[in-house]
$ cat final_6.cif   # mmCIF, C-alpha atoms
data_start
loop_
_atom_site.label_atom_id
_atom_site.label_comp_id
_atom_site.auth_asym_id
_atom_site.auth_seq_id
_atom_site.Cartn_x
_atom_site.Cartn_y
_atom_site.Cartn_z
CA MET A 1 109.83 106.60 96.71
CA PRO A 2 111.21 103.47 95.00
CA LYS A 3 109.00 102.08 92.24
CA VAL A 4 110.59 98.74 91.42
CA GLN A 5 112.15 95.89 93.31
CA LYS A 6 115.72 94.82 92.55
CA PRO A 7 117.38 91.87 94.32
CA SER A 8 120.83 92.05 95.81
CA ALA A 9 123.65 90.67 93.66
CA ASN A 10 124.32 87.68 95.94
CA SER A 11 120.69 86.75 96.62
CA VAL A 12 120.86 83.49 94.65
CA LYS A 13 123.83 82.33 96.73
CA LYS A 14 121.74 82.64 99.90
CA ILE A 15 118.91 80.33 98.92
CA LEU A 16 118.53 76.76 100.12
CA ARG A 17 118.09 74.21 97.32
CA CYS A 18 116.75 70.69 97.24
CA LYS A 19 115.45 68.04 94.84
CA PRO A 20 111.77 67.07 94.56
CA SER A 21 112.61 63.54 95.76
CA ASP A 22 114.15 64.76 99.05
CA HIS A 23 112.20 64.03 102.22
CA LEU A 24 110.55 66.78 104.21
CA GLY A 25 112.19 65.78 107.50
CA SER A 26 115.70 66.18 106.12
CA VAL A 27 115.25 69.48 104.26
CA LEU A 28 113.43 71.19 107.14
CA ASP A 29 116.56 70.66 109.22
CA TRP A 30 118.21 73.33 107.09
CA VAL A 31 115.87 76.19 107.98
CA GLN A 32 116.15 78.47 110.98
CA SER A 33 112.72 80.10 110.78
CA SER A 34 109.22 78.95 109.83
CA HIS A 35 109.28 81.85 107.35
CA ASP A 36 112.26 80.40 105.48
CA ALA A 37 111.87 78.60 102.17
CA ILE A 38 113.70 75.86 100.35
CA PHE A 39 113.86 76.27 96.56
CA VAL A 40 113.07 73.06 94.68
CA PHE A 41 114.83 72.37 91.36
CA ASP A 42 114.73 69.30 89.15
CA ASP A 43 117.77 67.59 87.59
CA LYS A 44 117.70 70.04 84.68
CA ASN A 45 117.81 72.99 87.08
CA ASN A 46 114.22 73.98 86.36
CA PHE A 47 112.59 75.77 89.27
CA LEU A 48 109.54 73.80 90.47
CA GLY A 49 108.39 75.65 93.57
CA LEU A 50 109.09 76.15 97.27
CA CYS A 51 109.07 73.99 100.38
CA SER A 52 107.85 75.97 103.38
CA PRO A 53 107.98 75.01 107.08
CA TYR A 54 104.86 77.07 107.75
CA GLN A 55 102.84 75.47 104.96
CA THR A 56 103.97 71.89 105.68
CA LEU A 57 104.02 71.78 109.49
CA TYR A 58 101.43 74.30 110.59
CA LYS A 59 98.95 74.67 107.78
CA LYS A 60 98.73 71.07 106.55
CA ARG A 61 100.91 68.92 108.85
CA PHE A 62 102.58 66.59 106.35
CA PRO A 63 104.43 63.49 107.63
CA TYR A 64 108.20 63.92 107.90
CA THR A 65 108.67 61.15 105.29
CA THR A 66 106.75 63.09 102.62
CA SER A 67 108.67 63.80 99.42
CA VAL A 68 109.08 67.50 98.80
CA GLU A 69 107.40 67.17 95.38
CA HIS A 70 104.12 66.33 97.14
CA CYS A 71 104.02 69.51 99.22
CA LEU A 72 105.27 72.16 96.81
CA VAL A 73 104.19 75.75 97.19
CA HIS A 74 103.80 77.63 93.91
CA PRO A 75 104.82 81.19 94.72
CA PRO A 76 103.33 84.34 93.18
CA GLU A 77 104.99 85.73 90.08
CA ILE A 78 107.48 88.47 90.98
CA TYR A 79 109.51 90.36 88.39
CA ASP A 80 112.02 93.20 88.50
CA THR A 81 109.12 95.53 87.73
CA THR A 82 106.84 94.31 90.53
CA PRO A 83 105.99 97.23 92.86
CA PHE A 84 107.66 97.00 96.28
CA TYR A 85 104.36 97.10 98.19
CA GLN A 86 103.11 94.12 96.20
CA THR A 87 106.24 92.11 96.98
CA ALA A 88 105.63 92.84 100.68
CA ASP A 89 102.03 91.71 100.27
CA PHE A 90 103.12 88.44 98.66
CA MET A 91 105.54 87.68 101.51
CA ASN A 92 102.87 88.29 104.13
CA GLU A 93 100.21 86.31 102.31
CA LEU A 94 102.36 83.18 102.06
CA ARG A 95 104.21 83.67 105.36
CA ILE A 96 107.39 83.06 103.33
CA TYR A 97 110.13 85.68 103.51
CA THR A 98 112.33 84.51 100.63
CA LEU A 99 110.67 84.47 97.22
CA PRO A 100 111.87 83.92 93.65
CA ILE A 101 112.17 86.63 91.02
CA LEU A 102 111.38 85.50 87.47
CA THR A 103 112.46 86.51 84.00
CA LYS A 104 109.92 87.63 81.41
CA LYS A 105 109.80 84.02 80.24
CA LYS A 106 108.92 82.95 83.78
CA LYS A 107 112.23 81.26 84.45
CA PHE A 108 113.99 81.52 87.80
CA LYS A 109 116.29 84.54 87.84
CA SER A 110 117.04 85.44 91.43
CA ALA A 111 115.57 85.62 94.91
CA ILE A 112 114.58 88.34 97.32
CA ASN A 113 114.78 88.07 101.09
CA ALA A 114 112.50 90.12 103.34
CA LYS A 115 115.26 91.60 105.49
CA ASP A 116 117.38 92.67 102.52
CA PHE A 117 114.23 93.94 100.84
CA ILE A 118 113.25 96.06 103.86
CA ARG A 119 116.77 97.39 104.40
CA GLN A 120 116.95 98.47 100.78
CA LEU A 121 113.58 100.21 100.86
CA LEU A 122 114.18 102.02 104.13
CA LYS A 123 117.30 103.68 102.79
CA ASP A 124 114.74 106.08 101.42
CA LYS A 125 114.21 108.47 104.37
CA SER A 126 110.76 109.56 103.28
CA LEU A 127 109.61 105.94 102.98
CA LEU A 128 111.11 105.09 106.39
CA LYS A 129 109.15 108.00 107.85
CA GLN A 130 105.92 106.76 106.28
CA VAL A 131 106.46 103.23 107.54
CA ALA A 132 107.27 104.46 111.06
CA GLN A 133 104.17 106.66 111.13
CA ASN A 134 101.89 103.82 110.03
CA LEU A 135 103.54 101.00 112.00
CA GLU A 136 101.28 99.25 114.50
CA LEU A 137 102.84 96.93 117.06
CA GLY A 138 101.74 93.33 116.78
CA ASN A 139 99.63 91.87 119.55
CA ILE A 140 101.42 89.82 122.19
CA THR A 141 100.35 86.29 123.06
CA THR A 142 101.73 85.06 126.36
CA ALA A 143 101.90 81.71 128.14
CA ASP A 144 103.18 80.49 131.45
CA ILE A 145 106.81 79.44 131.46
CA HIS A 146 105.68 76.03 132.78
CA ALA A 147 103.44 75.31 129.77
CA THR A 148 103.86 72.13 127.69
CA VAL A 149 104.84 71.85 124.04
CA GLY A 150 101.30 70.68 123.23
CA GLN A 151 99.73 73.75 124.82
CA ILE A 152 102.08 76.05 122.93
CA TYR A 153 101.60 74.22 119.63
CA ASP A 154 97.80 74.50 119.91
CA LYS A 155 98.06 78.24 120.50
CA LEU A 156 100.43 78.71 117.58
CA ARG A 157 98.14 76.83 115.19
CA LYS A 158 94.76 78.14 116.35
CA LYS A 159 95.84 81.77 116.45
CA GLY A 160 97.97 81.58 113.32
CA ILE A 161 100.93 83.20 115.08
CA THR A 162 104.65 82.50 114.91
CA ARG A 163 105.81 83.12 118.46
CA ILE A 164 104.63 83.23 122.06
CA CYS A 165 106.17 85.18 124.93
CA LEU A 166 106.74 83.14 128.07
CA VAL A 167 106.18 85.00 131.34
CA ASP A 168 106.55 84.33 135.04
CA LYS A 169 103.91 84.78 137.74
CA LEU A 170 104.45 88.55 137.76
CA GLY A 171 103.97 88.81 134.00
CA LYS A 172 107.64 89.54 133.34
CA LEU A 173 109.19 88.26 130.14
CA THR A 174 111.33 85.16 130.71
CA GLY A 175 111.77 83.94 127.15
CA ILE A 176 110.13 83.34 123.80
CA VAL A 177 109.17 80.22 121.87
CA THR A 178 108.66 80.14 118.12
CA ARG A 179 107.42 77.62 115.59
CA SER A 180 111.00 76.86 114.65
CA ASP A 181 111.93 76.16 118.26
CA ILE A 182 109.51 73.27 118.54
CA LYS A 183 109.53 72.00 114.95
CA HIS A 184 112.03 69.23 115.78
CA ALA A 185 109.46 67.67 118.08
CA PHE A 186 107.41 66.91 114.97
CA ILE A 187 109.81 66.26 112.09
CA HIS A 188 112.32 63.86 113.68
CA PRO A 189 111.55 60.15 114.00
CA THR A 190 112.71 58.07 116.91
CA PRO A 191 114.01 54.45 116.90
CA LYS A 192 110.67 53.20 118.22
CA GLN A 193 108.50 55.27 115.90
CA ARG A 194 105.42 53.59 114.46
CA PHE A 195 102.47 54.93 112.50
CA ALA A 196 99.71 56.57 114.49
CA LYS A 197 97.79 54.32 116.84
CA ASN A 198 96.17 56.98 118.95
CA LEU A 199 93.77 58.10 116.22
CA SER A 200 91.58 59.89 118.76
CA TYR A 201 94.32 62.52 119.01
CA SER A 202 95.16 62.99 115.35
CA THR A 203 94.65 61.19 112.05
CA SER A 204 97.91 62.62 110.71
CA TRP A 205 100.87 60.29 110.44
CA SER A 206 102.99 63.19 111.64
CA PHE A 207 101.69 62.53 115.14
CA ASP A 208 102.35 58.98 116.23
CA GLU A 209 102.36 57.78 119.84
CA GLU A 210 105.94 58.90 120.43
CA LYS A 211 105.17 62.40 119.21
CA VAL A 212 102.04 62.59 121.32
CA LYS A 213 104.32 61.99 124.31
CA ARG A 214 106.58 64.76 123.10
CA LEU A 215 103.64 67.15 123.32
CA ASP A 216 103.86 66.69 127.09
CA ASP A 217 107.44 67.94 127.16
CA PRO A 218 107.92 71.22 129.06
CA VAL A 219 108.33 74.11 126.65
CA ARG A 220 111.38 75.17 128.66
CA ASN A 221 113.24 72.44 126.76
CA TYR A 222 112.76 74.36 123.53
CA PHE A 223 112.37 78.07 124.30
CA THR A 224 114.86 80.89 123.73
CA GLU A 225 115.86 82.67 126.91
CA PHE A 226 117.79 85.52 125.34
CA VAL A 227 115.15 87.57 123.56
CA GLU A 228 115.63 90.65 121.42
CA THR A 229 113.78 93.42 123.27
CA THR A 230 113.24 97.13 123.00
CA SER A 231 111.80 99.82 125.24
CA ASP A 232 108.37 101.33 124.73
CA ARG A 233 110.08 104.68 125.21
CA LEU A 234 111.72 104.46 121.76
CA SER A 235 110.11 105.88 118.64
CA ASN A 236 108.85 103.54 115.90
CA GLU A 237 111.68 104.61 113.63
CA GLU A 238 114.26 103.75 116.29
CA ILE A 239 112.56 100.40 116.95
CA ILE A 240 112.64 99.49 113.23
CA LYS A 241 116.31 100.41 112.86
CA LYS A 242 117.23 98.47 116.00
CA LEU A 243 115.41 95.35 114.79
CA LEU A 244 117.06 95.39 111.36
CA LYS A 245 120.47 95.92 112.95
CA SER A 246 119.94 92.94 115.29
CA GLY A 247 119.41 90.48 112.46
CA LYS A 248 116.46 88.95 114.34
CA ASN A 249 112.94 88.45 112.99
CA SER A 250 111.23 90.17 115.90
CA SER A 251 111.71 92.35 118.95
CA VAL A 252 109.49 92.37 122.03
CA VAL A 253 108.51 95.80 123.30
CA LEU A 254 108.74 96.01 127.10
CA THR A 255 107.56 98.43 129.74
CA ASP A 256 109.91 99.63 132.46
CA ALA A 257 108.56 96.72 134.56
CA GLU A 258 109.80 94.27 131.88
CA LYS A 259 106.28 93.30 130.88
CA PRO A 260 105.68 92.64 127.16
CA ILE A 261 103.09 94.97 125.60
CA GLY A 262 103.67 94.45 121.90
CA ILE A 263 105.98 93.13 119.27
CA VAL A 264 107.58 94.54 116.16
CA SER A 265 108.57 91.97 113.57
CA ILE A 266 109.49 91.57 109.95
CA SER A 267 105.84 90.65 109.44
CA THR A 268 104.48 93.87 110.95
CA ILE A 269 106.91 95.93 108.85
CA LEU A 270 105.90 94.08 105.68
CA LYS A 271 102.22 94.61 106.47
CA THR A 272 102.86 98.32 106.91
CA ILE A 273 104.74 98.53 103.61
CA SER A 274 101.96 96.69 101.76
CA LYS A 275 99.43 99.20 103.10
CA LEU A 276 101.29 101.96 101.26
CA LYS A 277 99.86 100.60 98.03
CA PRO A 278 98.05 103.41 96.23
CA GLN A 279 94.33 102.96 95.77
CA GLU A 280 93.75 101.92 92.20
CA ASN A 281 91.07 100.16 90.22
CA ILE A 282 91.78 97.21 87.98
CA ASN A 283 91.44 98.14 84.31
CA VAL A 284 88.38 96.18 83.13
CA VAL A 285 87.75 96.31 79.38
CA PHE A 286 84.07 95.52 79.05
CA LYS A 287 82.05 94.68 75.96
CA LYS A 288 78.50 95.64 76.72
CA PRO A 289 75.84 92.89 76.41
CA SER A 290 72.66 93.32 74.43
CA ASN A 291 69.55 95.01 75.80
CA ASN A 292 68.41 91.59 77.05
CA VAL A 293 70.65 92.22 80.06
CA ASP A 294 69.41 94.96 82.35
CA THR A 295 71.56 97.78 83.79
CA ASN A 296 71.56 96.33 87.32
CA GLN A 297 73.06 93.04 86.11
CA ILE A 298 75.69 94.88 84.06
CA ASN A 299 76.74 96.93 87.11
CA GLU A 300 76.84 93.79 89.27
CA VAL A 301 79.15 92.06 86.79
CA LYS A 302 81.44 95.09 86.60
CA ASN A 303 81.73 95.02 90.40
CA LEU A 304 82.37 91.26 90.34
CA LEU A 305 85.17 91.69 87.80
CA GLN A 306 86.69 94.52 89.81
CA GLU A 307 86.68 92.41 93.00
CA PHE A 308 88.06 89.44 91.07
CA GLY A 309 90.85 91.62 89.67
CA GLN A 310 91.77 92.97 93.12
CA LYS A 311 91.90 89.42 94.47
CA MET A 312 94.11 88.16 91.63
CA ASN A 313 96.33 91.23 91.89
CA LYS A 314 97.46 90.05 95.32
CA ARG A 315 99.41 87.25 93.66
CA TRP A 316 99.85 88.35 90.07
CA SER A 317 100.44 91.87 88.77
CA ILE A 318 97.33 92.42 86.66
CA LYS A 319 97.43 94.76 83.66
CA ARG A 320 93.76 94.42 82.75
CA ILE A 321 90.77 92.10 82.55
CA GLU A 322 88.93 91.70 79.25
CA PHE A 323 85.28 90.71 79.15
CA HIS A 324 83.94 89.31 75.82
CA ILE A 325 80.38 88.20 75.17
CA ASN A 326 78.58 86.56 72.29
CA GLU A 327 74.80 86.09 72.29
CA PRO A 328 73.16 83.80 69.74
CA LYS A 329 69.48 84.76 69.60
CA TYR A 330 66.09 83.25 68.85
CA THR A 331 63.96 84.57 66.02
CA ASN A 332 62.25 86.91 68.51
CA LEU A 333 65.70 88.46 69.27
CA LYS A 334 65.75 87.06 72.78
CA THR A 335 69.14 85.71 73.85
CA ALA A 336 69.37 81.93 73.57
CA LEU A 337 72.73 81.57 75.30
CA TYR A 338 75.36 83.79 76.92
CA ASN A 339 78.83 82.82 75.71
CA ILE A 340 81.38 84.49 77.99
CA THR A 341 85.12 84.74 77.38
CA LEU A 342 87.18 86.19 80.21
CA VAL A 343 90.82 87.13 79.69
CA LEU A 344 93.20 88.01 82.52
CA VAL A 345 96.16 89.96 81.14
CA PRO A 346 99.16 90.07 83.51
CA VAL A 347 101.86 92.71 83.46
CA ALA A 348 104.35 90.01 82.46
CA GLY A 349 103.62 86.73 80.73
CA LYS A 350 100.83 85.58 78.44
CA PRO A 351 97.09 86.16 79.03
CA VAL A 352 94.99 83.54 80.79
CA VAL A 353 91.65 82.75 79.19
CA SER A 354 88.47 81.01 80.33
CA LYS A 355 85.17 80.39 78.57
CA SER A 356 81.71 79.55 79.85
CA LYS A 357 78.15 79.50 78.62
CA ASP A 358 74.76 79.49 80.26
CA LYS A 359 71.22 80.64 79.65
CA VAL A 360 71.55 82.89 82.70
CA PHE A 361 73.91 85.86 82.26
CA LEU A 362 75.24 86.07 85.84
CA VAL A 363 75.73 82.30 86.09
CA ALA A 364 77.86 82.33 82.92
CA VAL A 365 80.02 85.18 84.24
CA ARG A 366 80.60 83.56 87.63
CA SER A 367 81.53 80.27 85.94
CA ALA A 368 84.16 82.06 83.84
CA ILE A 369 85.63 83.70 86.95
CA ARG A 370 85.78 80.38 88.82
CA GLU A 371 87.51 78.73 85.87
CA ILE A 372 90.37 81.25 85.90
CA GLU A 373 90.71 80.93 89.68
CA LYS A 374 90.83 77.14 89.29
CA GLN A 375 93.52 77.34 86.60
CA LEU A 376 95.72 79.63 88.66
CA LYS A 377 95.18 77.70 91.89
CA HIS A 378 96.23 74.37 90.40
CA ASN A 379 98.87 75.93 88.18
CA LYS A 380 97.13 74.57 85.08
CA VAL A 381 96.88 77.75 83.11
CA LYS A 382 95.17 77.75 79.73
CA ARG A 383 96.87 80.47 77.75
CA ALA A 384 95.05 82.52 75.18
CA PRO A 385 95.75 81.08 71.70
CA LYS A 386 98.01 82.99 69.33
CA HIS A 387 95.12 83.84 67.02
CA PHE A 388 93.10 85.31 69.88
CA ASP A 389 92.22 88.89 68.94
CA PRO A 390 91.84 91.71 71.45
CA LEU A 391 88.55 93.51 71.72
CA ILE A 392 87.67 95.65 68.74
CA LYS A 393 88.09 99.24 69.85
CA SER A 394 84.72 100.34 68.48
CA SER A 395 82.93 97.80 70.69
CA VAL A 396 84.83 98.55 73.90
CA HIS A 397 83.10 100.35 76.72
CA PRO A 398 85.48 101.28 79.57
#
$ encode --input "final_6.cif" --output "structure tokens"
Amino acid sequence: MPKVQKPSANSVKKILRCKPSDHLGSVLDWVQSSHDAIFVFDDKNNFLGLCSPYQTLYKKRFPYTTSVEHCLVHPPEIYDTTPFYQTADFMNELRIYTLPILTKKKKFKSAINAKDFIRQLLKDKSLLKQVAQNLELGNITTADIHATVGQIYDKLRKKGITRICLVDKLGKLTGIVTRSDIKHAFIHPTPKQRFAKNLSYSTSWSFDEEKVKRLDDPVRNYFTEFVETTSDRLSNEEIIKKLLKSGKNSSVVLTDAEKPIGIVSISTILKTISKLKPQENINVVFKKPSNNVDTNQINEVKNLLQEFGQKMNKRWSIKRIEFHINEPKYTNLKTALYNITLVLVPVAGKPVVSKSKDKVFLVAVRSAIREIEKQLKHNKVKRAPKHFDPLIKSSVHP
């Protein structure tokens, strides 16, 4: 089974690039799928982040005039050594199927696309067999072929899905509509466009009166009639191979009566690959507090750090978490204050450090955890200083 992820030689040539000052409406014209990404570079060719149709149109609904720099997505850190199942997990978490690969100095190196990634992995026959055995068809959401764009858009957003199968009165598949199919109804201005007046419908400037009218358009104006399909008589392995060969993002599984019963997509394959991740605990290096902290609290903190590590490991490859504590005491040897230092050590890059203090042990620990989450979320990482010493071996309790 492959252990590392390597991009194809021409992966950088495939990416879409833009400047941070470019407008959202213009750059989204370049993408074909809501899972695509546009790579944002400044004038010095420094990689700044991604622009994603899913994140900008469906998760947050930015106006089409928004500058790309105001809706950047900061992707997870992926390196040549990142395990394949973690790369799959990252793609699914962000709903973005093209992600950057970084150097050890966290500079842009290359990019990896989900389809190329899956094709490369499934050259391994044993891995293909595992994926096929564990593959579960995605649930089908259907709508009447006479539905409006507004009805379809509401379903896409509320259910967090990317496509809807359109059926006739007998339940037979007549076409499919995706986020990308109807995105132009929301990102293109018209000559008469004005800022939103119908605030009862939406407070977003992306939805002015003209666009509200567009929601009444029949979805037949936007749907795809020629859908990639496959028979429910085929094995999962055959279905996967057929989908990858087609070049499409999904294939609808039909019964003999042409009724949709499931869907296999790049997303369902990625989810299956990410589930192949071996069960492993995060390495937590723990300096034991004084006897003023009881055993139950110590065990609770160890569990908190383990859960925190698992959560962070979904976006960053975590090598270990270090827990430091210092307890100044009163003359009666009771702890006056719990000074907590928490260090998150990634597989690549420098450690991230947070400090907190409180008279209550658990409150201090939770504050330190929240501080690291805050740093990573807002991309304002406080690195451990050069003089920061690792835990002294004699005081470490695994």
$ atom_distance --input "final_6.cif" --atom1 "CA of Lys59 (chain A)" --atom2 "CA of Ser246 (chain A)"
28.8 Å
$ resolve_selection --input "final_6.cif" --expression "the PyMOL selection byres ((chain A and resi 339) around 10)" --output "ChimeraX atom specification"
/A:324-328,336-338,340-341,355-359,361,364-365,368
$ closest_atom_pairs --input "final_6.cif" --of "region 324-355 of chain A" --to "region 300-305 of chain A" --cutoff "12 Å" --atoms "only C-alpha atoms" --output "Markdown table"
| residue | atom | partner | partner_atom | distance |
| --- | --- | --- | --- | --- |
| A:Ile340 | CA | A:Val301 | CA | 11.8 |
| A:Leu342 | CA | A:Leu305 | CA | 9.6 |
| A:Val343 | CA | A:Leu305 | CA | 10.9 |
| A:Leu344 | CA | A:Leu305 | CA | 10.3 |
$ resolve_selection --input "final_6.cif" --expression "the PyMOL selection byres ((chain A and resi 174) around 12)" --output "JSON, numbers by chain"
{"A": [142, 143, 144, 145, 146, 164, 165, 166, 167, 168, 169, 170, 171, 172, 173, 175, 176, 177, 220, 223, 224, 225, 226, 227, 228, 229, 252, 254, 258, 259, 260]}
$ residues_around --input "final_6.cif" --residues "Lys106 (chain A)" --least-positions-apart "6" --cutoff "9 Å" --atoms "all atoms listed in the file" --output "number ranges by chain"
A: 77, 79, 348-349
$ closest_residue --input "final_6.cif" --among "A:Gly49, A:Cys18, A:Ile112, A:Trp30" --to "Thr82 (chain A)" --atoms "all atoms listed in the file"
A:Ile112
$ axis_aligned_box --input "final_6.cif" --around "region 248-257 of chain A" --padding-each-side "4 Å" --output "AutoDock Vina command-line options"
--center_x 112.0 --center_y 94.0 --center_z 123.8 --size_x 16.9 --size_y 19.2 --size_z 29.6
$ atom_distance --input "final_6.cif" --atom1 "CA of Lys334 (chain A)" --atom2 "CA of Asn292 (chain A)"
6.8 Å
$ atom_distance --input "final_6.cif" --atom1 "CA of Val347 (chain A)" --atom2 "CA of Leu127 (chain A)"
24.8 Å
$ residues_around --input "final_6.cif" --residues "Leu50 (chain A)" --least-positions-apart "2" --cutoff "6 Å" --atoms "only C-alpha atoms" --output "PyMOL selection string"
chain A and resi 38-40+72-73
